[in-house]
Every structure is written in C-alpha cells, then in structure tokens.
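Structure data follow from target_3.txt (compact mmCIF, C-alpha atoms):
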# COMPACT_ATOMS: atom_id res chain seq x y z
CA MET A 1 -23.93 15.99 -17.95
CA LYS A 2 -21.79 12.94 -17.21
CA ARG A 3 -21.71 11.44 -13.74
CA VAL A 4 -18.57 9.99 -12.23
CA VAL A 5 -18.63 8.51 -8.74
CA SER A 6 -15.75 7.33 -6.62
CA VAL A 7 -16.59 4.68 -4.03
CA SER A 8 -13.94 4.69 -1.35
CA LEU A 9 -13.25 2.34 1.55
CA GLY A 10 -12.07 5.45 3.36
CA SER A 11 -13.86 7.80 5.71
CA SER A 12 -17.16 9.39 4.67
CA ARG A 13 -15.90 12.61 6.22
CA ARG A 14 -13.89 13.14 3.04
CA ASP A 15 -16.98 13.00 0.81
CA HIS A 16 -17.18 15.72 -1.76
CA GLU A 17 -19.08 16.68 -4.89
CA VAL A 18 -18.24 19.15 -7.65
CA VAL A 19 -19.34 20.01 -11.16
CA VAL A 20 -16.52 20.76 -13.58
CA GLU A 21 -16.22 21.38 -17.30
CA LEU A 22 -13.61 19.43 -19.22
CA LEU A 23 -13.18 19.62 -23.00
CA GLY A 24 -16.55 21.34 -23.30
CA GLU A 25 -18.43 18.69 -21.33
CA ARG A 26 -19.86 19.04 -17.84
CA PHE A 27 -19.04 16.41 -15.23
CA GLU A 28 -20.61 15.83 -11.87
CA ILE A 29 -17.86 14.22 -9.82
CA SER A 30 -18.56 12.83 -6.38
CA ARG A 31 -16.77 10.76 -3.81
CA LYS A 32 -18.61 8.44 -1.41
CA GLY A 33 -16.72 6.89 1.50
CA VAL A 34 -17.99 3.81 3.35
CA ASP A 35 -15.85 4.10 6.49
CA GLY A 36 -14.04 0.83 5.87
CA ASP A 37 -17.27 -1.17 5.51
CA PHE A 38 -16.51 -3.58 2.67
CA ASN A 39 -20.08 -4.86 2.30
CA ARG A 40 -21.44 -1.32 2.13
CA ALA A 41 -18.99 -0.64 -0.69
CA LEU A 42 -20.26 -3.73 -2.54
CA ASP A 43 -23.89 -2.61 -2.14
CA LEU A 44 -23.12 0.92 -3.29
CA LEU A 45 -21.23 -0.31 -6.33
CA LYS A 46 -24.14 -2.55 -7.34
CA GLU A 47 -26.52 0.38 -6.91
CA LEU A 48 -24.41 2.67 -9.10
CA ASP A 49 -23.72 0.08 -11.78
CA GLY A 50 -25.45 1.09 -14.99
CA ASN A 51 -26.61 4.41 -13.54
CA VAL A 52 -23.41 6.49 -13.86
CA ASP A 53 -20.85 7.01 -16.62
CA ALA A 54 -17.78 5.75 -14.78
CA ILE A 55 -16.86 4.53 -11.31
CA GLY A 56 -13.60 4.95 -9.44
CA LEU A 57 -12.53 2.65 -6.59
CA GLY A 58 -10.82 4.54 -3.81
CA GLY A 59 -9.05 3.62 -0.60
CA ILE A 60 -7.94 0.37 -2.18
CA ASP A 61 -5.75 -0.74 -5.04
CA VAL A 62 -6.95 -3.35 -7.45
CA TYR A 63 -3.81 -3.59 -9.54
CA LEU A 64 -0.20 -3.06 -8.53
CA TYR A 65 2.28 -2.66 -11.37
CA VAL A 66 5.92 -3.61 -11.01
CA LYS A 67 7.46 -2.80 -14.37
CA GLN A 68 5.74 -5.21 -16.79
CA LYS A 69 4.20 -7.38 -14.07
CA ARG A 70 0.75 -6.76 -12.69
CA TYR A 71 -0.53 -8.07 -9.36
CA ALA A 72 -4.22 -8.08 -8.50
CA VAL A 73 -5.31 -7.36 -4.93
CA SER A 74 -7.99 -9.92 -3.99
CA ASP A 75 -10.21 -7.53 -2.04
CA GLY A 76 -9.95 -4.95 -4.82
CA LEU A 77 -10.98 -7.52 -7.42
CA LYS A 78 -14.04 -8.45 -5.34
CA LEU A 79 -15.17 -4.83 -5.50
CA MET A 80 -14.43 -4.51 -9.19
CA ASP A 81 -16.33 -7.72 -9.95
CA ALA A 82 -19.47 -6.26 -8.35
CA VAL A 83 -19.73 -3.82 -11.27
CA LYS A 84 -20.97 -5.38 -14.49
CA LYS A 85 -22.04 -2.54 -16.82
CA THR A 86 -20.28 0.71 -15.95
CA PRO A 87 -16.55 1.18 -16.58
CA VAL A 88 -14.75 0.89 -13.22
CA VAL A 89 -11.13 1.87 -12.51
CA ASP A 90 -8.84 2.04 -9.47
CA GLY A 91 -6.50 4.78 -10.68
CA SER A 92 -3.55 2.47 -11.24
CA GLY A 93 -3.54 3.01 -15.01
CA LEU A 94 -3.43 6.77 -14.62
CA LYS A 95 -0.96 6.69 -11.72
CA ASN A 96 1.54 4.88 -13.85
CA THR A 97 1.27 7.58 -16.53
CA LEU A 98 0.42 10.79 -14.70
CA GLU A 99 2.74 10.46 -11.74
CA ARG A 100 5.75 9.70 -13.92
CA GLU A 101 4.90 12.85 -15.85
CA VAL A 102 4.45 14.94 -12.69
CA VAL A 103 7.92 13.99 -11.44
CA ARG A 104 9.38 15.02 -14.79
CA ILE A 105 7.49 18.33 -14.76
CA LEU A 106 8.68 19.10 -11.22
CA ALA A 107 12.27 18.27 -12.17
CA ARG A 108 12.08 20.38 -15.32
CA GLU A 109 10.18 23.39 -14.05
CA THR A 110 10.90 23.66 -10.29
CA ASP A 111 13.75 23.09 -7.89
CA LEU A 112 11.68 20.74 -5.74
CA LEU A 113 13.09 17.61 -7.37
CA LYS A 114 16.59 17.34 -8.75
CA LYS A 115 19.58 15.03 -8.73
CA GLY A 116 20.45 14.30 -5.10
CA THR A 117 17.12 15.41 -3.61
CA ARG A 118 16.42 13.10 -0.68
CA VAL A 119 12.99 11.57 -1.13
CA LEU A 120 11.06 9.25 1.17
CA MET A 121 8.37 7.29 -0.66
CA VAL A 122 6.19 5.88 2.11
CA SER A 123 4.97 3.24 -0.31
CA SER A 124 6.05 2.64 -3.86
CA VAL A 125 4.58 -0.63 -5.10
CA ASP A 126 1.28 1.24 -5.50
CA ARG A 127 3.00 3.88 -7.66
CA PHE A 128 5.93 2.21 -9.33
CA GLY A 129 5.89 4.80 -12.11
CA MET A 130 6.69 7.56 -9.64
CA ALA A 131 9.41 5.42 -8.04
CA GLU A 132 11.07 4.83 -11.41
CA ALA A 133 10.79 8.48 -12.43
CA LEU A 134 12.41 9.65 -9.16
CA SER A 135 15.21 7.21 -9.73
CA GLU A 136 15.64 8.34 -13.35
CA ILE A 137 16.23 11.94 -12.36
CA GLY A 138 18.78 10.89 -9.74
CA CYS A 139 16.89 11.51 -6.51
CA ASP A 140 18.33 9.82 -3.45
CA THR A 141 15.18 7.84 -2.68
CA VAL A 142 14.21 5.64 0.24
CA PHE A 143 11.34 3.30 -0.61
CA GLY A 144 9.54 2.78 2.68
CA ASP A 145 7.20 -0.07 1.80
CA LEU A 146 8.56 -2.50 4.39
CA ILE A 147 8.80 0.21 7.04
CA PHE A 148 5.28 1.58 6.80
CA THR A 149 3.39 -1.51 5.65
CA ALA A 150 5.07 -4.26 7.67
CA GLY A 151 6.78 -2.27 10.44
CA ILE A 152 10.18 -3.61 9.31
CA PRO A 153 12.76 -0.82 9.68
CA TYR A 154 14.52 -1.61 6.43
CA PRO A 155 14.83 1.24 3.94
CA ILE A 156 14.96 0.02 0.35
CA SER A 157 17.30 2.27 -1.59
CA THR A 158 17.24 1.07 -5.19
CA VAL A 159 14.51 0.35 -7.72
CA ASP A 160 16.17 -3.00 -8.41
CA GLU A 161 15.86 -4.11 -4.79
CA LEU A 162 12.32 -2.75 -4.68
CA GLU A 163 11.47 -4.80 -7.76
CA ASP A 164 13.09 -7.92 -6.29
CA LEU A 165 11.20 -7.62 -3.00
CA ALA A 166 7.93 -6.69 -4.70
CA ASN A 167 8.06 -9.74 -6.96
CA ARG A 168 8.85 -11.91 -3.95
CA LEU A 169 6.15 -10.53 -1.66
CA LEU A 170 3.29 -9.17 -3.73
CA PRO A 171 1.86 -12.45 -5.08
CA GLU A 172 0.92 -13.37 -1.49
CA ILE A 173 0.51 -9.94 0.10
CA ALA A 174 -2.11 -9.15 -2.53
CA LYS A 175 -4.21 -12.01 -1.12
CA MET A 176 -4.20 -10.65 2.44
CA PRO A 177 -7.21 -8.73 3.77
CA PHE A 178 -6.55 -5.18 2.57
CA HIS A 179 -7.12 -3.60 5.99
CA MET A 180 -4.08 -5.48 7.30
CA ILE A 181 -1.70 -3.75 4.93
CA TYR A 182 -3.28 -0.33 4.46
CA PRO A 183 -5.15 2.08 6.77
CA THR A 184 -8.85 2.03 5.90
CA GLY A 185 -11.89 3.70 7.51
CA ARG A 186 -11.24 5.44 10.84
CA LYS A 187 -7.53 4.58 10.72
CA GLN A 188 -7.29 7.24 8.02
CA GLU A 189 -8.15 9.92 10.57
CA THR A 190 -5.70 8.90 13.27
CA GLN A 191 -1.97 8.49 13.68
CA ASP A 192 -0.09 5.41 14.87
CA GLU A 193 1.73 7.25 17.65
CA GLU A 194 4.19 4.47 18.42
CA LYS A 195 5.33 4.23 14.82
CA VAL A 196 5.30 8.00 14.37
CA LYS A 197 8.05 8.11 17.01
CA LYS A 198 9.81 4.98 15.82
CA PHE A 199 9.99 5.97 12.16
CA ALA A 200 10.24 9.78 12.43
CA LYS A 201 13.90 9.70 11.38
CA TYR A 202 12.93 8.58 7.88
CA TYR A 203 10.75 11.69 7.49
CA TYR A 204 13.45 13.96 8.93
CA ASP A 205 16.10 12.47 6.62
CA ALA A 206 14.08 13.46 3.54
CA ASP A 207 13.63 16.75 1.68
CA VAL A 208 10.49 15.41 0.02
CA VAL A 209 7.97 12.90 1.37
CA ALA A 210 6.05 11.24 -1.44
CA GLY A 211 3.32 8.68 -1.95
CA ASP A 212 -0.09 7.76 -0.66
CA PHE A 213 -1.54 10.51 1.53
CA HIS A 214 -3.15 8.23 4.11
CA LEU A 215 0.16 6.51 4.79
CA ILE A 216 2.01 9.83 4.87
CA ARG A 217 -0.55 11.18 7.31
CA ARG A 218 -0.64 8.13 9.58
CA PHE A 219 3.08 8.24 10.34
CA MET A 220 4.08 11.90 9.92
CA PRO A 221 5.88 13.43 12.91
CA GLY A 222 5.76 17.10 13.91
CA GLY A 223 8.60 19.47 13.07
CA MET A 224 8.61 18.84 9.33
CA ASP A 225 10.44 22.14 9.03
CA GLY A 226 9.40 23.28 5.56
CA ARG A 227 9.74 19.92 3.83
CA THR A 228 7.75 19.12 0.70
CA VAL A 229 4.96 16.56 0.41
CA LEU A 230 4.18 15.05 -3.00
CA THR A 231 0.90 13.17 -3.01
CA ASN A 232 -2.51 13.10 -4.65
CA THR A 233 -5.65 13.17 -2.51
CA THR A 234 -5.93 16.03 -0.06
CA THR A 235 -8.80 17.91 1.52
CA ARG A 236 -8.80 21.29 3.29
CA ASP A 237 -8.47 19.44 6.62
CA ASP A 238 -5.47 17.56 5.26
CA ILE A 239 -3.84 20.83 4.30
CA ASP A 240 -4.42 22.13 7.83
CA PHE A 241 -2.87 18.93 9.18
CA LEU A 242 0.21 19.36 7.00
CA LYS A 243 0.55 22.99 8.09
CA GLU A 244 0.38 21.93 11.74
CA LYS A 245 3.18 19.45 11.12
CA GLY A 246 5.33 22.17 9.57
CA VAL A 247 5.22 21.05 5.94
CA GLY A 248 6.38 23.85 3.63
CA VAL A 249 5.11 22.85 0.20
CA LEU A 250 2.33 20.52 -0.91
CA VAL A 251 2.35 19.16 -4.44
CA THR A 252 -0.66 17.18 -5.58
CA THR A 253 -0.51 15.16 -8.76
CA THR A 254 -4.17 15.72 -9.53
CA PRO A 255 -5.73 19.15 -10.05
CA GLU A 256 -7.85 21.02 -7.51
CA TYR A 257 -11.61 21.06 -7.86
CA GLY A 258 -13.66 22.85 -5.22
CA GLY A 259 -10.83 23.14 -2.70
CA ARG A 260 -9.48 19.61 -2.87
CA SER A 261 -7.58 17.30 -5.14
CA PHE A 262 -9.40 14.08 -5.93
CA GLY A 263 -7.73 10.68 -6.00
CA THR A 264 -6.26 9.27 -9.19
CA ASN A 265 -9.13 6.76 -9.30
CA VAL A 266 -11.57 9.66 -9.72
CA MET A 267 -9.48 11.34 -12.38
CA GLU A 268 -8.98 8.07 -14.24
CA ALA A 269 -12.73 7.49 -14.15
CA VAL A 270 -13.26 10.96 -15.65
CA LEU A 271 -10.75 10.26 -18.42
CA VAL A 272 -12.36 6.90 -19.14
CA ALA A 273 -15.76 8.62 -19.38
CA ILE A 274 -14.28 11.13 -21.86
CA LEU A 275 -12.51 8.49 -23.93
CA GLY A 276 -15.58 6.27 -24.11
CA LYS A 277 -13.41 3.21 -24.74
CA PRO A 278 -13.35 -0.05 -22.77
CA TRP A 279 -10.79 0.29 -19.98
CA ASP A 280 -8.67 -2.63 -21.16
CA GLU A 281 -8.29 -1.02 -24.60
CA ILE A 282 -6.98 2.27 -23.21
CA THR A 283 -3.24 2.74 -23.56
CA PRO A 284 -0.85 4.99 -21.58
CA GLY A 285 -0.63 7.04 -24.79
CA ASP A 286 -4.40 7.69 -24.68
CA TYR A 287 -4.07 9.01 -21.13
CA LEU A 288 -1.04 11.15 -22.01
CA ASP A 289 -2.81 12.72 -25.00
CA LEU A 290 -5.85 13.48 -22.93
CA LEU A 291 -3.83 14.84 -20.01
CA GLN A 292 -2.23 17.31 -22.41
CA LYS A 293 -5.58 18.27 -23.93
CA VAL A 294 -7.16 19.00 -20.55
CA ASP A 295 -3.86 20.57 -19.38
CA PHE A 296 -3.58 18.56 -16.18
CA ARG A 297 -0.85 20.15 -14.11
CA PRO A 298 0.41 19.32 -10.65
CA ARG A 299 -0.84 21.75 -8.02
CA ILE A 300 1.93 23.37 -6.01
CA LEU A 301 0.80 24.96 -2.77
CA ASN A 302 3.05 26.96 -0.50
CA LEU A 303 1.96 26.24 3.08
CA THR A 304 4.18 28.68 4.94
CA MET B 1 -0.96 -35.83 8.96
CA ALA B 2 2.65 -34.94 9.70
CA THR B 3 4.61 -36.20 12.69
CA HIS B 4 6.12 -34.14 15.48
CA GLY B 5 9.54 -34.98 13.99
CA GLU B 6 8.51 -33.64 10.59
CA ILE B 7 7.31 -30.38 12.13
CA THR B 8 10.64 -30.13 13.99
CA GLU B 9 12.55 -30.62 10.73
CA SER B 10 10.43 -28.05 8.91
CA LEU B 11 11.06 -25.52 11.67
CA LYS B 12 14.78 -26.25 11.54
CA ALA B 13 14.72 -25.62 7.78
CA PHE B 14 12.88 -22.34 8.40
CA ALA B 15 15.29 -21.25 11.15
CA ASP B 16 18.34 -22.20 9.05
CA SER B 17 17.06 -20.25 6.07
CA PHE B 18 16.38 -17.24 8.25
CA ASN B 19 19.79 -17.33 9.90
CA LYS B 20 21.60 -17.68 6.56
CA ASN B 21 19.75 -14.69 5.11
CA GLU B 22 21.78 -11.61 6.05
CA ARG B 23 19.14 -9.22 4.73
CA LEU B 24 16.46 -10.82 6.89
CA LYS B 25 18.71 -10.67 9.94
CA ILE B 26 19.27 -6.94 9.40
CA MET B 27 15.56 -6.37 8.84
CA ASN B 28 14.57 -8.06 12.09
CA LYS B 29 17.29 -6.92 14.48
CA ASP B 30 14.73 -4.80 16.32
CA TRP B 31 12.14 -7.58 16.58
CA ASP B 32 12.68 -9.80 19.60
CA ARG B 33 9.74 -12.16 19.81
CA VAL B 34 8.80 -15.56 21.19
CA VAL B 35 6.60 -17.63 18.90
CA LEU B 36 4.77 -20.77 20.02
CA ILE B 37 3.96 -23.21 17.22
CA LYS B 38 1.30 -25.70 18.16
CA ALA B 39 -0.36 -28.54 16.21
CA ASN B 40 -4.04 -29.12 16.89
CA ASP B 41 -4.27 -32.73 15.67
CA ILE B 42 -1.19 -34.26 17.35
CA GLU B 43 0.85 -33.55 20.47
CA SER B 44 3.44 -31.14 19.12
CA GLN B 45 4.65 -27.82 20.45
CA HIS B 46 7.75 -25.81 19.56
CA THR B 47 9.07 -22.45 20.63
CA MET B 48 10.86 -20.26 18.13
CA THR B 49 12.73 -17.31 19.58
CA LEU B 50 13.88 -14.30 17.56
CA LYS B 51 16.54 -12.25 19.33
CA ASN B 52 18.90 -9.69 17.81
CA GLY B 53 18.06 -10.89 14.32
CA VAL B 54 18.79 -14.56 15.03
CA VAL B 55 16.25 -17.40 15.25
CA SER B 56 16.61 -20.26 17.72
CA LEU B 57 14.34 -23.22 18.23
CA LYS B 58 13.42 -25.55 21.06
CA GLU B 59 10.83 -28.25 21.55
CA GLY B 60 8.01 -27.60 23.98
CA ALA B 61 5.93 -24.59 24.88
CA ALA B 62 6.99 -21.15 26.06
CA ASP B 63 5.29 -19.51 29.04
CA ASN B 64 4.37 -16.15 27.57
CA PRO B 65 4.66 -16.21 23.80
CA ASP B 66 4.15 -12.99 21.81
CA LEU B 67 2.64 -15.00 18.98
CA THR B 68 0.92 -18.37 18.91
CA VAL B 69 0.64 -20.23 15.62
CA ILE B 70 -1.90 -23.06 15.57
CA SER B 71 -2.81 -25.40 12.74
CA ASP B 72 -2.93 -29.07 11.84
CA SER B 73 0.42 -30.83 11.66
CA GLU B 74 0.40 -31.15 7.88
CA THR B 75 -0.25 -27.46 7.32
CA LEU B 76 2.42 -26.45 9.83
CA ALA B 77 5.03 -28.67 8.19
CA ASP B 78 4.03 -27.42 4.72
CA ILE B 79 4.25 -23.78 5.77
CA PHE B 80 7.62 -24.03 7.50
CA TYR B 81 9.08 -26.12 4.67
CA GLY B 82 7.84 -23.41 2.28
CA ASP B 83 5.62 -25.81 0.31
CA ILE B 84 2.65 -23.51 0.84
CA SER B 85 2.40 -19.86 1.84
CA PRO B 86 0.66 -19.01 5.11
CA THR B 87 -1.75 -16.58 3.43
CA GLU B 88 -4.32 -19.05 2.15
CA PRO B 89 -4.59 -21.21 5.29
CA TYR B 90 -4.74 -17.99 7.33
CA ASN B 91 -7.51 -16.57 5.14
CA ASN B 92 -9.56 -19.78 5.21
CA GLY B 93 -9.15 -20.28 8.96
CA THR B 94 -7.02 -23.46 8.83
CA LEU B 95 -4.15 -21.48 10.30
CA LYS B 96 -4.75 -19.38 13.40
CA ILE B 97 -2.24 -16.84 14.61
CA MET B 98 -2.76 -15.09 17.91
CA GLY B 99 -0.88 -11.90 18.58
CA THR B 100 -1.00 -8.26 17.58
CA GLU B 101 -1.92 -7.49 13.98
CA ASP B 102 1.48 -5.84 13.48
CA ASP B 103 3.30 -8.97 14.65
CA ILE B 104 1.13 -11.23 12.48
CA ILE B 105 1.87 -9.17 9.38
CA ARG B 106 5.56 -9.16 10.18
CA LEU B 107 5.69 -12.93 10.64
CA ASP B 108 3.90 -13.32 7.32
CA PHE B 109 6.42 -11.05 5.60
CA ILE B 110 9.31 -13.03 7.08
CA SER B 111 7.97 -16.33 5.79
CA LEU B 112 7.41 -14.81 2.36
CA MET B 113 10.91 -13.37 2.36
CA ILE B 114 12.29 -16.83 3.08
CA TRP B 115 10.22 -18.83 0.65
CA GLY B 116 8.63 -16.32 -1.71
CA GLU B 117 9.56 -16.25 -5.36
Encoded form using structure tokens:
Amino acid sequence: MKRVVSVSLGSSRRDHEVVVELLGERFEISRKGVDGDFNRALDLLKELDGNVDAIGLGGIDVYLYVKQKRYAVSDGLKLMDAVKKTPVVDGSGLKNTLEREVVRILARETDLLKKGTRVLMVSSVDRFGMAEALSEIGCDTVFGDLIFTAGIPYPISTVDELEDLANRLLPEIAKMPFHMIYPTGRKQETQDEEKVKKFAKYYYDADVVAGDFHLIRRFMPGGMDGRTVLTNTTTRDDIDFLKEKGVGVLVTTTPEYGGRSFGTNVMEAVLVAILGKPWDEITPGDYLDLLQKVDFRPRILNLT
Amino acid sequence: MATHGEITESLKAFADSFNKNERLKIMNKDWDRVVLIKANDIESQHTMTLKNGVVSLKEGAADNPDLTVISDSETLADIFYGDISPTEPYNNGTLKIMGTEDDIIRLDFISLMIWGE
C-alpha cells in the first residue's frame, strides 16, 4: 500500500484518513494540520521525508501561475525545501489542469456555468486556470483578489487586468509572511464579521462563488439563497456551514473520499505517487491522461 | 543617510504618483487614513493623509496616526522613491509599521501598485 500524507498549515480539526483503491493500487491518504504552527509543519515534513510515497503541502501555496509566469511563495518554498527525498507538491500543478477541466465539464454537462453566469472568484491568482476557463466560456466574472486579500473594494473584471495586477504585485506579495495574506490556523474556523458585512454585496451579486474554500468561508454572508459554491476542500462541517448560509449547490473539483473532498495538494500527491516520475518532469498532459484513467469527476451536491 | 529634504521629496513623488493614478484613487476611496512617517536616525517626521482617494502631505507629526512607519532615513527615501520595495526591509525588521494588520497590508499593496512592475 502506498502512503500519501498532506501536511497543512490549517486546523488539525480537519484531519482525516482514508484508504482508497486507484488503478488497482491501494492508497492510505491522510491529512495532518498543524494549526498555523510553521515550525511544527517543518518538523513533521522532516519526519515524513523518506518514509512516505508522496507529500502534499496544504493551507499554503508554493507556486502561483499567471499564464506562463510562475511566482514562488517564500514561506511555501521553506516548507518544500525541508523535504529532500520524498516527492512533495502543493497542488498548483494539478489545479492548473484539473480546475480548467472541471469548469469545462460543468459548462458542457450542467447549467451551473454558462455564458453570462455571474461568478465571484474570491481569489484567482492561486487558480489562474479556473479564472481563464471561466472567462473562456463567457462567465461574467469578478476576480476578488484585492477585495478579500487586501481589503481593497476593487472588483477586477477581466483576465487581462488580473494578469496585469498579478504581475505587478505577486513578485513582492509572495515574499510576505503567508499568514498576512491568507487565513491560516484558527482563522480558518472563524469569520471576519466586519468584512462579511462590508463585502456581502459581492457574494449577493454572484450566481456562483468560486475559489479557495477558506477564503469563501471567512467572508460568506448569510442568505445565500440557493447560490452555487465551486471549490475543492470541504468537510462535513463545511457542508453544514454552507447549508446554514443558504447555499444551494456545492461543487467540489476533487472527488469525495470518506465524506470529504481532499485538497488538490493531496490529489496531486496521489497522482505523483502513481506516475512515479520526478515532479518537475510531469506535464499537464500526464495529469490529464491520469485524470481520465481514474475518472476524476467533480462532485455536485444539492444542499437544499 | 538621507536628509529630511530628500525624504520630503520622496514622499512628494509617492503622493504625486498616487494622485495621478486614477485606478488607485478609485481603489482607496473608502480608506481614509493618517500615516506618520518617521526617521529613526535623523530628525524627520511627515504626515501623509489619505482622504476620499486623494493623498496630501505635510511636514511634522500627526496627533493620532492610524499607521506609523519608522525606518532609517535612507530606507524611507528609497521606499518612497520606489527604489526598493517595502517587503524586504519589513521582513528583516529595518522597517517597522505600527497599525492594524489590515492597514499594513493595504499600505504595502498601494506602494506596490505605484512602483511595482
């Protein structure tokens, strides 16, 4: 049996472990949160290095892709550098492939996404593939990176402007302590009440709210009135939270194992363990082939 | 070491760039803040006020600033001229910013929007 472990800067309350069979091979997949404790994450990574088949890094991005450009997040790199033997991934490679594909599947096979659908992406520089795919199918998308990361009430409405701002800001933002730009640890279990009120209109103006679950959760107002959420990592508690807020449909880009969808970092680590190739030699085509072989499909859950 | 006059000029360049940037003015219409900029190696204090998306500048200290930016004169002049970004001096402790975390992030974004490439 292969072992894949995700080390997350997020809350340990989301820890989970399952055994699944993929392409005839059994995988023990587990997620270990360190409650925002960076040094604990480093220690755990060193402990796992060489003792598991692949490691995923959760609750943090290491690489942010903006079209052909790649920006490395300093804190993410520090974690990645702690692992010397075992393949370690942050999910960004898979996000760029899988999430593009999920948007296309939803547009082709459901009426959740179509030309003119109003979408709020709470953050998009961490999933540029999804942003581009939404734009390609003609969704009326607001990219909320400045709103929800910097508190600047400026909705970005085109991929071109998103790209311009990302290239301007990311080289420096990527050097900032990660906790300043993304909710880690306990912040993942609470809401920023002031900003929930201040930015509620962006949620209400959308048919679909997409992007990172922790950001979606931190700022989501009540009265979501049947709207759709498109994200990846959710637990049973998260689903209860979304129901309480009135969300109608939950789509997760990764499949459900044992009642929850794991983060893309976990799924990418699984794929890397199956492929058995060095991470930097894996192409988007490798991921796409494998996704088809294992029949990865978005999970669509009606919450009403 | 930079002089008080050089810091003043760098802040004027920063304020001019902000006020000429229509996108930045729209972005920050909701953010009325008073920022004290203080050198720790020479006598130099300035107050930058953001109100209705417009930046104004005066020499001397404000009574109750929302944010206080402290560094050596050279670093302050370099940052406000856009020769260096604030991230590295902030991370290595050369630059100290006192205020809420939200305000600090926002000020950082503004400077990157002005000078970032």
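Using all atoms listed in the file, the contacts of Ala62 in chain B at a cut-off of 9 Å, with sequence neighbours closer than 4 positions omitted, comprise Val34, Val35, Leu36, His46, Thr47 and Met48 of chain B.
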List the spatial neighbours of Thr254 in chain A as a ChimeraX atom specification - criterion: any atom at most 10 Å away, all atoms listed in the file, same-chain residues fewer than 3 positions off excluded. /A:95,98-99,102,231-234,251,257,260-264,266-267,296-299
Taking (12.9, -30.7, 21.4) as a centre in this file's frame and 8 Å as the limit, can you find every polymer residue with an atom that close, using only C-alpha atoms, and give them as an NGL selection string? :B and (8 or 46 or 58-60)
Near chain B, meaning an atom within 8 Å, which residues of chain A appear when counting all atoms listed in the file? Write them as a ChimeraX atom specification. /A:150-154,165,167-169,172-173,175-177,180-181
Take the residues that were just selected and, keeping C-alpha atoms, output them as a JSON list (two decimals), keeping the file's coordinate frame.
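For reference, again-v5.json as written:
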[["chain", "number", "residue", "atom", "x", "y", "z"],
["A", 150, "ALA", "CA", 5.07, -4.26, 7.67],
["A", 151, "GLY", "CA", 6.78, -2.27, 10.44],
["A", 152, "ILE", "CA", 10.18, -3.61, 9.31],
["A", 153, "PRO", "CA", 12.76, -0.82, 9.68],
["A", 154, "TYR", "CA", 14.52, -1.61, 6.43],
["A", 165, "LEU", "CA", 11.20, -7.62, -3.00],
["A", 167, "ASN", "CA", 8.06, -9.74, -6.96],
["A", 168, "ARG", "CA", 8.85, -11.91, -3.95],
["A", 169, "LEU", "CA", 6.15, -10.53, -1.66],
["A", 172, "GLU", "CA", 0.92, -13.37, -1.49],
["A", 173, "ILE", "CA", 0.51, -9.94, 0.10],
["A", 175, "LYS", "CA", -4.21, -12.01, -1.12],
["A", 176, "MET", "CA", -4.20, -10.65, 2.44],
["A", 177, "PRO", "CA", -7.21, -8.73, 3.77],
["A", 180, "MET", "CA", -4.08, -5.48, 7.30],
["A", 181, "ILE", "CA", -1.70, -3.75, 4.93]]
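Nearest to Gly222 in chain A of all the residues A:Val89, A:Val209, A:Val34, A:Val247 is A:Val247, based on all atoms listed in the file.
A straight line drawn from CA of Gly248 in chain A to CA of Asp111 in chain A is 13.7 Å long.
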Hey, can you pull every residue with an atom no more than 12 Å from (19.2, -19.3, 17.3), using only C-alpha atoms, and send it as a PDB file with C-alpha atoms, in the coordinates of the input?
ATOM      1  CA  LEU B  11      11.060 -25.520  11.670  1.00  0.00           C
ATOM      2  CA  LYS B  12      14.780 -26.250  11.540  1.00  0.00           C
ATOM      3  CA  PHE B  14      12.880 -22.340   8.400  1.00  0.00           C
ATOM      4  CA  ALA B  15      15.290 -21.250  11.150  1.00  0.00           C
ATOM      5  CA  ASP B  16      18.340 -22.200   9.050  1.00  0.00           C
ATOM      6  CA  SER B  17      17.060 -20.250   6.070  1.00  0.00           C
ATOM      7  CA  PHE B  18      16.380 -17.240   8.250  1.00  0.00           C
ATOM      8  CA  ASN B  19      19.790 -17.330   9.900  1.00  0.00           C
ATOM      9  CA  LYS B  20      21.600 -17.680   6.560  1.00  0.00           C
ATOM     10  CA  LYS B  25      18.710 -10.670   9.940  1.00  0.00           C
ATOM     11  CA  ASP B  32      12.680  -9.800  19.600  1.00  0.00           C
ATOM     12  CA  VAL B  34       8.800 -15.560  21.190  1.00  0.00           C
ATOM     13  CA  THR B  47       9.070 -22.450  20.630  1.00  0.00           C
ATOM     14  CA  MET B  48      10.860 -20.260  18.130  1.00  0.00           C
ATOM     15  CA  THR B  49      12.730 -17.310  19.580  1.00  0.00           C
ATOM     16  CA  LEU B  50      13.880 -14.300  17.560  1.00  0.00           C
ATOM     17  CA  LYS B  51      16.540 -12.250  19.330  1.00  0.00           C
ATOM     18  CA  ASN B  52      18.900  -9.690  17.810  1.00  0.00           C
ATOM     19  CA  GLY B  53      18.060 -10.890  14.320  1.00  0.00           C
ATOM     20  CA  VAL B  54      18.790 -14.560  15.030  1.00  0.00           C
ATOM     21  CA  VAL B  55      16.250 -17.400  15.250  1.00  0.00           C
ATOM     22  CA  SER B  56      16.610 -20.260  17.720  1.00  0.00           C
ATOM     23  CA  LEU B  57      14.340 -23.220  18.230  1.00  0.00           C
ATOM     24  CA  LYS B  58      13.420 -25.550  21.060  1.00  0.00           C
TER      25      LYS B  58
END
